[in-house]
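Pasting query_38.cif here (mmCIF, N, CA and C atoms):
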data_protein
loop_
_atom_site.label_atom_id
_atom_site.label_comp_id
_atom_site.auth_asym_id
_atom_site.auth_seq_id
_atom_site.Cartn_x
_atom_site.Cartn_y
_atom_site.Cartn_z
N MET P 13 13.64 -15.96 8.95
CA MET P 13 12.26 -15.54 9.07
C MET P 13 12.11 -14.16 8.42
N LYS P 14 11.14 -13.98 7.55
CA LYS P 14 10.92 -12.73 6.86
C LYS P 14 10.22 -11.74 7.80
N VAL P 15 10.79 -10.55 7.88
CA VAL P 15 10.19 -9.50 8.70
C VAL P 15 8.99 -8.95 7.93
N PRO P 16 7.89 -8.66 8.62
CA PRO P 16 6.76 -8.04 7.93
C PRO P 16 7.18 -6.74 7.25
N LYS P 17 6.39 -6.32 6.30
CA LYS P 17 6.70 -5.09 5.58
C LYS P 17 6.79 -3.91 6.54
N LEU P 18 7.79 -3.08 6.31
CA LEU P 18 7.93 -1.82 7.02
C LEU P 18 7.52 -0.74 6.03
N VAL P 19 6.48 0.01 6.36
CA VAL P 19 5.94 1.03 5.46
C VAL P 19 6.11 2.39 6.11
N LEU P 20 6.76 3.29 5.38
CA LEU P 20 6.92 4.67 5.82
C LEU P 20 6.31 5.56 4.76
N LYS P 21 5.52 6.54 5.17
CA LYS P 21 4.90 7.41 4.17
C LYS P 21 4.77 8.82 4.70
N SER P 22 4.65 9.73 3.74
CA SER P 22 4.46 11.14 4.07
C SER P 22 3.67 11.80 2.95
N ASP P 23 2.78 12.71 3.34
CA ASP P 23 2.05 13.51 2.37
C ASP P 23 2.87 14.74 2.04
N VAL P 24 2.90 15.08 0.76
CA VAL P 24 3.72 16.20 0.28
C VAL P 24 2.83 17.13 -0.53
N ALA P 25 2.96 18.43 -0.30
CA ALA P 25 2.13 19.42 -0.97
C ALA P 25 2.68 19.77 -2.35
N LEU P 26 2.82 18.73 -3.17
CA LEU P 26 3.22 18.87 -4.57
C LEU P 26 2.34 17.94 -5.39
N PRO P 27 2.05 18.30 -6.64
CA PRO P 27 1.34 17.35 -7.50
C PRO P 27 2.19 16.09 -7.69
N PRO P 28 1.57 14.94 -7.84
CA PRO P 28 2.33 13.69 -7.92
C PRO P 28 3.34 13.66 -9.06
N GLU P 29 3.00 14.24 -10.21
CA GLU P 29 3.94 14.25 -11.34
C GLU P 29 5.21 15.01 -11.00
N GLN P 30 5.06 16.14 -10.29
CA GLN P 30 6.22 16.94 -9.91
C GLN P 30 7.08 16.20 -8.88
N LEU P 31 6.44 15.58 -7.90
CA LEU P 31 7.19 14.81 -6.91
C LEU P 31 7.92 13.65 -7.58
N TRP P 32 7.25 12.96 -8.52
CA TRP P 32 7.88 11.85 -9.22
C TRP P 32 9.12 12.31 -9.99
N ARG P 33 9.03 13.46 -10.66
CA ARG P 33 10.19 13.98 -11.40
C ARG P 33 11.37 14.21 -10.45
N ILE P 34 11.09 14.62 -9.22
CA ILE P 34 12.15 14.89 -8.25
C ILE P 34 12.83 13.60 -7.81
N ILE P 35 12.05 12.57 -7.52
CA ILE P 35 12.62 11.37 -6.88
C ILE P 35 12.91 10.21 -7.81
N SER P 36 12.45 10.25 -9.04
CA SER P 36 12.49 9.04 -9.87
C SER P 36 13.84 8.73 -10.51
N ASP P 37 14.78 9.64 -10.48
CA ASP P 37 16.10 9.38 -11.09
C ASP P 37 16.94 8.54 -10.12
N PHE P 38 17.00 7.25 -10.37
CA PHE P 38 17.73 6.31 -9.51
C PHE P 38 19.20 6.71 -9.37
N ALA P 39 19.74 7.35 -10.38
CA ALA P 39 21.16 7.72 -10.38
C ALA P 39 21.44 9.00 -9.59
N ALA P 40 20.40 9.68 -9.08
CA ALA P 40 20.65 10.98 -8.46
C ALA P 40 19.83 11.23 -7.19
N PRO P 41 19.89 10.35 -6.19
CA PRO P 41 19.16 10.64 -4.95
C PRO P 41 19.74 11.84 -4.22
N ASN P 42 20.96 12.20 -4.53
CA ASN P 42 21.58 13.36 -3.90
C ASN P 42 20.92 14.67 -4.31
N ARG P 43 20.10 14.66 -5.38
CA ARG P 43 19.37 15.88 -5.78
C ARG P 43 18.31 16.25 -4.77
N TRP P 44 17.78 15.29 -4.03
CA TRP P 44 16.75 15.59 -3.06
C TRP P 44 17.11 15.14 -1.64
N ASN P 45 18.21 14.43 -1.48
CA ASN P 45 18.64 14.00 -0.15
C ASN P 45 20.04 14.54 0.11
N PRO P 46 20.15 15.61 0.89
CA PRO P 46 21.47 16.20 1.12
C PRO P 46 22.44 15.30 1.88
N LEU P 47 21.94 14.22 2.48
CA LEU P 47 22.81 13.29 3.19
C LEU P 47 23.33 12.17 2.30
N ALA P 48 22.90 12.15 1.03
CA ALA P 48 23.32 11.11 0.09
C ALA P 48 24.42 11.62 -0.81
N GLN P 49 25.46 10.82 -0.94
CA GLN P 49 26.54 11.12 -1.88
C GLN P 49 26.70 9.91 -2.79
N ILE P 50 26.56 10.13 -4.10
CA ILE P 50 26.73 9.05 -5.06
C ILE P 50 28.21 8.75 -5.20
N LEU P 51 28.60 7.53 -4.92
CA LEU P 51 29.99 7.11 -5.08
C LEU P 51 30.20 6.52 -6.47
N ALA P 52 29.16 5.86 -6.99
CA ALA P 52 29.22 5.28 -8.33
C ALA P 52 27.79 4.90 -8.74
N CYS P 53 27.51 4.99 -10.03
CA CYS P 53 26.22 4.57 -10.56
C CYS P 53 26.39 4.33 -12.05
N ASP P 54 25.81 3.25 -12.53
CA ASP P 54 25.96 2.94 -13.95
C ASP P 54 24.69 3.20 -14.75
N GLY P 55 23.78 4.03 -14.23
CA GLY P 55 22.62 4.41 -15.03
C GLY P 55 21.34 4.50 -14.24
N ASP P 56 20.25 4.67 -15.00
CA ASP P 56 18.94 4.85 -14.42
C ASP P 56 17.95 3.88 -15.08
N ARG P 57 18.43 2.70 -15.42
CA ARG P 57 17.58 1.70 -16.07
C ARG P 57 17.55 0.45 -15.18
N VAL P 58 16.58 -0.41 -15.42
CA VAL P 58 16.48 -1.65 -14.64
C VAL P 58 17.80 -2.41 -14.77
N GLY P 59 18.32 -2.85 -13.64
CA GLY P 59 19.60 -3.55 -13.59
C GLY P 59 20.75 -2.65 -13.18
N SER P 60 20.53 -1.33 -13.18
CA SER P 60 21.59 -0.39 -12.79
C SER P 60 21.96 -0.58 -11.32
N ILE P 61 23.23 -0.37 -11.04
CA ILE P 61 23.75 -0.47 -9.68
C ILE P 61 24.25 0.90 -9.25
N ARG P 62 23.91 1.28 -8.01
CA ARG P 62 24.46 2.51 -7.45
C ARG P 62 25.09 2.23 -6.09
N ARG P 63 26.16 2.97 -5.80
CA ARG P 63 26.79 2.95 -4.48
C ARG P 63 26.55 4.33 -3.89
N VAL P 64 25.88 4.35 -2.75
CA VAL P 64 25.50 5.61 -2.11
C VAL P 64 26.06 5.65 -0.70
N GLN P 65 26.71 6.74 -0.39
CA GLN P 65 27.16 7.01 0.99
C GLN P 65 26.08 7.83 1.65
N LEU P 66 25.46 7.30 2.70
CA LEU P 66 24.48 8.06 3.47
C LEU P 66 25.16 8.53 4.74
N ALA P 67 25.25 9.83 4.91
CA ALA P 67 25.92 10.40 6.09
C ALA P 67 25.32 9.80 7.35
N GLY P 68 26.18 9.32 8.22
CA GLY P 68 25.75 8.74 9.48
C GLY P 68 25.27 7.30 9.39
N ALA P 69 25.16 6.75 8.18
CA ALA P 69 24.64 5.39 8.04
C ALA P 69 25.59 4.45 7.32
N GLY P 70 26.46 4.97 6.46
CA GLY P 70 27.40 4.11 5.74
C GLY P 70 27.11 4.02 4.26
N VAL P 71 27.75 3.03 3.63
CA VAL P 71 27.64 2.85 2.18
C VAL P 71 26.61 1.75 1.88
N PHE P 72 25.74 2.05 0.93
CA PHE P 72 24.71 1.12 0.47
C PHE P 72 24.94 0.85 -1.01
N VAL P 73 24.87 -0.41 -1.40
CA VAL P 73 24.92 -0.79 -2.81
C VAL P 73 23.52 -1.28 -3.16
N GLU P 74 22.93 -0.65 -4.19
CA GLU P 74 21.54 -0.93 -4.52
C GLU P 74 21.39 -1.18 -6.02
N ARG P 75 20.47 -2.09 -6.38
CA ARG P 75 20.22 -2.45 -7.78
C ARG P 75 18.77 -2.13 -8.12
N LEU P 76 18.55 -1.36 -9.18
CA LEU P 76 17.20 -1.03 -9.62
C LEU P 76 16.57 -2.27 -10.25
N ASP P 77 15.46 -2.73 -9.70
CA ASP P 77 14.80 -3.94 -10.17
C ASP P 77 13.54 -3.66 -11.00
N ARG P 78 12.91 -2.53 -10.77
CA ARG P 78 11.66 -2.23 -11.48
C ARG P 78 11.47 -0.73 -11.51
N ARG P 79 10.93 -0.26 -12.63
CA ARG P 79 10.57 1.15 -12.74
C ARG P 79 9.35 1.26 -13.63
N ASP P 80 8.33 1.95 -13.15
CA ASP P 80 7.11 2.15 -13.91
C ASP P 80 6.72 3.61 -13.75
N ASP P 81 7.06 4.42 -14.77
CA ASP P 81 6.76 5.85 -14.70
C ASP P 81 5.26 6.11 -14.72
N GLY P 82 4.48 5.29 -15.41
CA GLY P 82 3.03 5.47 -15.46
C GLY P 82 2.38 5.31 -14.10
N GLN P 83 2.84 4.32 -13.35
CA GLN P 83 2.30 4.09 -12.01
C GLN P 83 3.09 4.83 -10.93
N ARG P 84 4.19 5.46 -11.32
CA ARG P 84 5.09 6.19 -10.39
C ARG P 84 5.58 5.26 -9.27
N ILE P 85 6.23 4.16 -9.71
CA ILE P 85 6.79 3.17 -8.78
C ILE P 85 8.18 2.78 -9.25
N TYR P 86 9.11 2.65 -8.32
CA TYR P 86 10.33 1.92 -8.62
C TYR P 86 10.70 1.09 -7.41
N SER P 87 11.41 0.01 -7.68
CA SER P 87 11.86 -0.85 -6.59
C SER P 87 13.31 -1.21 -6.81
N TYR P 88 13.99 -1.44 -5.71
CA TYR P 88 15.40 -1.79 -5.78
C TYR P 88 15.76 -2.76 -4.67
N ALA P 89 16.80 -3.53 -4.93
CA ALA P 89 17.34 -4.46 -3.94
C ALA P 89 18.52 -3.79 -3.26
N ILE P 90 18.64 -3.99 -1.98
CA ILE P 90 19.82 -3.54 -1.24
C ILE P 90 20.79 -4.72 -1.27
N VAL P 91 21.82 -4.58 -2.08
CA VAL P 91 22.77 -5.66 -2.30
C VAL P 91 23.79 -5.75 -1.16
N GLU P 92 24.23 -4.58 -0.68
CA GLU P 92 25.15 -4.50 0.45
C GLU P 92 24.77 -3.29 1.28
N SER P 93 24.89 -3.43 2.60
CA SER P 93 24.62 -2.30 3.48
C SER P 93 25.26 -2.55 4.84
N PRO P 94 25.42 -1.49 5.63
CA PRO P 94 25.95 -1.66 6.98
C PRO P 94 24.88 -2.11 7.97
N LEU P 95 23.63 -2.20 7.53
CA LEU P 95 22.55 -2.61 8.42
C LEU P 95 22.58 -4.13 8.63
N PRO P 96 22.06 -4.60 9.77
CA PRO P 96 22.04 -6.05 10.05
C PRO P 96 20.88 -6.74 9.33
N ILE P 97 20.88 -6.63 7.98
CA ILE P 97 19.80 -7.19 7.17
C ILE P 97 20.38 -7.89 5.95
N SER P 98 19.56 -8.74 5.32
CA SER P 98 19.91 -9.36 4.05
C SER P 98 18.63 -9.53 3.25
N ASN P 99 18.78 -9.88 1.97
CA ASN P 99 17.62 -10.08 1.09
C ASN P 99 16.63 -8.93 1.17
N ALA P 100 17.16 -7.72 1.17
CA ALA P 100 16.32 -6.53 1.34
C ALA P 100 15.84 -5.99 0.01
N SER P 101 14.59 -5.57 0.00
CA SER P 101 14.06 -4.88 -1.17
C SER P 101 13.21 -3.71 -0.70
N VAL P 102 13.21 -2.68 -1.53
CA VAL P 102 12.48 -1.46 -1.21
C VAL P 102 11.64 -1.08 -2.41
N GLU P 103 10.42 -0.67 -2.16
CA GLU P 103 9.57 -0.12 -3.21
C GLU P 103 9.25 1.31 -2.84
N VAL P 104 9.41 2.21 -3.81
CA VAL P 104 9.08 3.62 -3.63
C VAL P 104 7.90 3.91 -4.55
N ARG P 105 6.87 4.52 -3.99
CA ARG P 105 5.63 4.75 -4.73
C ARG P 105 5.14 6.17 -4.44
N VAL P 106 4.71 6.86 -5.49
CA VAL P 106 4.07 8.17 -5.35
C VAL P 106 2.63 8.02 -5.79
N THR P 107 1.69 8.40 -4.90
CA THR P 107 0.28 8.30 -5.23
C THR P 107 -0.36 9.69 -5.23
N ASP P 108 -1.39 9.80 -6.03
CA ASP P 108 -2.14 11.05 -6.19
C ASP P 108 -3.22 11.11 -5.11
N ASN P 109 -3.27 12.21 -4.38
CA ASN P 109 -4.30 12.39 -3.34
C ASN P 109 -5.55 13.09 -3.88
N ASP P 110 -5.59 13.33 -5.19
CA ASP P 110 -6.74 13.98 -5.84
C ASP P 110 -7.01 15.39 -5.33
N ASP P 111 -5.98 16.04 -4.80
CA ASP P 111 -6.14 17.43 -4.35
C ASP P 111 -4.87 18.24 -4.64
N GLU P 112 -4.17 17.86 -5.72
CA GLU P 112 -2.91 18.50 -6.11
C GLU P 112 -1.79 18.26 -5.09
N THR P 113 -1.95 17.20 -4.27
CA THR P 113 -0.88 16.76 -3.38
C THR P 113 -0.61 15.29 -3.66
N ALA P 114 0.47 14.80 -3.09
CA ALA P 114 0.86 13.41 -3.30
C ALA P 114 1.28 12.78 -1.98
N THR P 115 1.28 11.47 -1.97
CA THR P 115 1.83 10.71 -0.86
C THR P 115 3.00 9.92 -1.40
N ILE P 116 4.13 9.97 -0.68
CA ILE P 116 5.26 9.13 -1.02
C ILE P 116 5.33 8.02 0.01
N GLU P 117 5.54 6.81 -0.49
CA GLU P 117 5.55 5.64 0.38
C GLU P 117 6.78 4.79 0.09
N TRP P 118 7.54 4.48 1.15
CA TRP P 118 8.67 3.56 1.08
C TRP P 118 8.23 2.29 1.77
N THR P 119 8.31 1.15 1.08
CA THR P 119 7.97 -0.14 1.68
C THR P 119 9.20 -1.02 1.59
N GLY P 120 9.63 -1.54 2.71
CA GLY P 120 10.81 -2.38 2.74
C GLY P 120 10.54 -3.74 3.35
N THR P 121 11.14 -4.77 2.77
CA THR P 121 11.12 -6.11 3.36
C THR P 121 12.54 -6.63 3.39
N PHE P 122 12.85 -7.44 4.38
CA PHE P 122 14.21 -7.93 4.53
C PHE P 122 14.25 -9.06 5.55
N ASP P 123 15.35 -9.80 5.53
CA ASP P 123 15.63 -10.79 6.54
C ASP P 123 16.55 -10.17 7.57
N SER P 124 16.36 -10.54 8.82
CA SER P 124 17.21 -10.04 9.89
C SER P 124 18.45 -10.92 10.02
N GLU P 125 19.59 -10.26 10.21
CA GLU P 125 20.84 -11.01 10.42
C GLU P 125 21.25 -11.03 11.88
N VAL P 126 20.39 -10.52 12.74
CA VAL P 126 20.69 -10.51 14.17
C VAL P 126 19.59 -11.26 14.91
N LEU P 127 19.92 -11.73 16.09
CA LEU P 127 18.93 -12.45 16.88
C LEU P 127 17.80 -11.54 17.31
N ASN P 128 18.13 -10.28 17.57
CA ASN P 128 17.12 -9.33 17.97
C ASN P 128 16.50 -8.69 16.73
N GLU P 129 15.38 -9.22 16.30
CA GLU P 129 14.72 -8.72 15.10
C GLU P 129 14.34 -7.25 15.23
N PHE P 130 14.01 -6.83 16.45
CA PHE P 130 13.65 -5.44 16.69
C PHE P 130 14.80 -4.51 16.28
N LEU P 131 16.03 -4.91 16.58
CA LEU P 131 17.20 -4.10 16.22
C LEU P 131 17.29 -3.92 14.71
N ALA P 132 17.05 -4.98 13.96
CA ALA P 132 17.10 -4.89 12.51
C ALA P 132 16.01 -3.97 11.98
N VAL P 133 14.79 -4.13 12.49
CA VAL P 133 13.68 -3.29 12.04
C VAL P 133 13.94 -1.84 12.40
N ARG P 134 14.40 -1.60 13.61
CA ARG P 134 14.66 -0.22 14.06
C ARG P 134 15.77 0.41 13.22
N SER P 135 16.82 -0.33 12.91
CA SER P 135 17.92 0.21 12.08
C SER P 135 17.41 0.61 10.71
N PHE P 136 16.64 -0.28 10.08
CA PHE P 136 16.08 -0.01 8.76
C PHE P 136 15.16 1.20 8.82
N GLN P 137 14.31 1.24 9.83
CA GLN P 137 13.35 2.34 9.96
C GLN P 137 14.07 3.67 10.16
N GLN P 138 15.08 3.72 10.99
CA GLN P 138 15.80 4.97 11.23
C GLN P 138 16.44 5.51 9.96
N VAL P 139 17.08 4.65 9.20
CA VAL P 139 17.73 5.09 7.97
C VAL P 139 16.71 5.60 6.97
N TYR P 140 15.66 4.82 6.72
CA TYR P 140 14.72 5.19 5.68
C TYR P 140 13.74 6.29 6.10
N GLN P 141 13.48 6.42 7.41
CA GLN P 141 12.69 7.58 7.86
C GLN P 141 13.51 8.85 7.65
N GLY P 142 14.82 8.76 7.88
CA GLY P 142 15.70 9.91 7.61
C GLY P 142 15.70 10.28 6.13
N VAL P 143 15.71 9.28 5.26
CA VAL P 143 15.66 9.54 3.82
C VAL P 143 14.34 10.24 3.47
N LEU P 144 13.24 9.73 3.98
CA LEU P 144 11.93 10.32 3.71
C LEU P 144 11.85 11.75 4.26
N ASP P 145 12.32 11.96 5.47
CA ASP P 145 12.31 13.30 6.06
C ASP P 145 13.14 14.27 5.24
N ASN P 146 14.29 13.81 4.74
CA ASN P 146 15.13 14.68 3.91
C ASN P 146 14.45 15.04 2.60
N LEU P 147 13.70 14.10 2.03
CA LEU P 147 12.96 14.41 0.81
C LEU P 147 11.95 15.51 1.07
N VAL P 148 11.14 15.34 2.11
CA VAL P 148 10.12 16.34 2.43
C VAL P 148 10.78 17.69 2.74
N TRP P 149 11.87 17.66 3.48
CA TRP P 149 12.59 18.90 3.80
C TRP P 149 13.12 19.57 2.54
N SER P 150 13.68 18.78 1.63
CA SER P 150 14.31 19.36 0.43
C SER P 150 13.29 19.97 -0.52
N VAL P 151 12.09 19.40 -0.60
CA VAL P 151 11.07 20.01 -1.46
C VAL P 151 10.33 21.11 -0.71
N GLY P 152 10.53 21.16 0.62
CA GLY P 152 10.01 22.26 1.42
C GLY P 152 8.50 22.31 1.55
N LYS P 153 7.85 21.19 1.35
CA LYS P 153 6.39 21.24 1.35
C LYS P 153 5.81 19.98 1.97
N ARG P 154 5.43 20.07 3.20
CA ARG P 154 4.69 18.98 3.83
C ARG P 154 3.22 19.36 3.79
N LYS P 155 2.40 18.43 3.38
CA LYS P 155 0.96 18.70 3.30
C LYS P 155 0.44 18.98 4.70
N GLN P 156 -0.34 20.03 4.82
CA GLN P 156 -0.94 20.39 6.10
C GLN P 156 -2.29 19.72 6.23
N ASP P 157 -2.59 19.23 7.43
CA ASP P 157 -3.91 18.65 7.67
C ASP P 157 -4.95 19.76 7.68
N PRO P 158 -6.17 19.45 7.19
CA PRO P 158 -7.23 20.49 7.18
C PRO P 158 -7.66 20.88 8.56
#

If you convert what's in this file into structure tokens, what do you get?
Amino acid sequence: MKVPKLVLKSDVALPPEQLWRIISDFAAPNRWNPLAQILACDGDRVGSIRRVQLAGAGVFVERLDRRDDGQRIYSYAIVESPLPISNASVEVRVTDNDDETATIEWTGTFDSEVLNEFLAVRSFQQVYQGVLDNLVWSVGKRKQDP
């Protein structure tokens, strides 16, 4: 059974082009996520595979499936992970808020490999919320509400 989309987002006080430059290099998530260590990566083009060690979460093998710099979107498949999931895909999108700020959105879909679907969703959410929080922390700019 396919789990509904899990969407995590955060507003960032950076222009969208600047935020995209920070996060769009598939081969270098460690530039903005201090908990990520690249173990191997064969490039930054569609079809590239990376092995990433996320502190506290384990090793993830991911394949870049789509990249659109004009729309500021990339998507990747999680080929292997320590999470109780399979057939996982993630889309990362940066949108313009029309006020010199941007919103970053992580959308994930996956199949649960455990009977307790909540456990799978919670595991995925904890890992990717940590990734998003580290991004906002590393750029040092969370958009303030008016």

- Query: Using only C-alpha atoms, which of the listed residues (P:Asp145, P:Glu103, P:Asp111, P:Glu74) sits closest to Ile50 (chain P)?
  - Reply: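 Using only C-alpha atoms, Ile50 (chain P) sits closest to P:Glu74.
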
- Atomic separation - CA of Gly82 (chain P) relative to atom N of Gln138 (chain P), Å: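 Answer for the atom N of Gln138 (chain P) to CA of Gly82 (chain P) separation: 29.1 Å.
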
- Could you tell me which residues the PyMOL selection byres ((chain P and resi 56-67) around 8) returns for this structure, as a ChimeraX atom specification? /P:36-40,46-55,68-79

- Enumerate, as an MDAnalysis selection string, the residues matched when the PyMOL selection byres ((chain P and resi 107) around 8) is run on the file above. chainID P and resid 27:29 83:85 104:106 108:110 113:117

- Task: Report the distance between CA of Ser124 (chain P) and atom N of Val102 (chain P) in Å, rounded to one decimal place.
- Result: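 It comes out at 14.2 Å.
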
- So which bits of region 33-87 of chain P end up strand (DSSP E or B) when you DSSP the backbone, as a list of chain:residue names?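 DSSP on the backbone gives strand (DSSP E or B) at P:Ala48, P:Gln49, P:Ile50, P:Leu51, P:Ala52, P:Cys53, P:Ile61, P:Arg62, P:Arg63, P:Val64, P:Gln65, P:Leu66, P:Gly70, P:Val71, P:Phe72, P:Val73, P:Glu74, P:Arg75, P:Leu76, P:Asp77, P:Arg78, P:Arg79, P:Asp80, P:Ile85, P:Tyr86, P:Ser87.
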
- Query: Expressed in Å to a single decimal, how great is the separation between atom N of Leu20 (chain P) and atom N of Val151 (chain P)?
  - Reply: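 Atom N of Leu20 (chain P) sits 18.0 Å away from atom N of Val151 (chain P).
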
- Query: For Val19 (chain P), which residue out of P:Asn146, P:Asn45, P:Thr119, P:Gln141 is the nearest one, using only C-alpha atoms?
  - Reply: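 Selected residue with least distance to Val19 (chain P): P:Thr119.
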
- Task: Once DSSP has gone over the backbone, tell me which residues of chain P are in helix (DSSP H, G or I), as a PyMOL selection string.
- Result: chain P and resi 28-35+41-43+129-151

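With only C-alpha atoms as the atoms that count, the residue of P:Trp118, P:Asp80, P:Glu92, P:Leu131 with the shortest distance to Val143 (chain P) is P:Trp118.
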
- Message: Which residues, named as in the file, does the PyMOL selection byres ((chain P and resi 99) around 6) pick out? Answer as number ranges by chain.
- Response: P: 97-98, 100-101, 121-123

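The nearest approach to Gly120 (chain P) among the residues P:Asp23, P:Lys17, P:Ser135, P:Arg43, with only N, CA and C atoms taken into account, belongs to P:Lys17.
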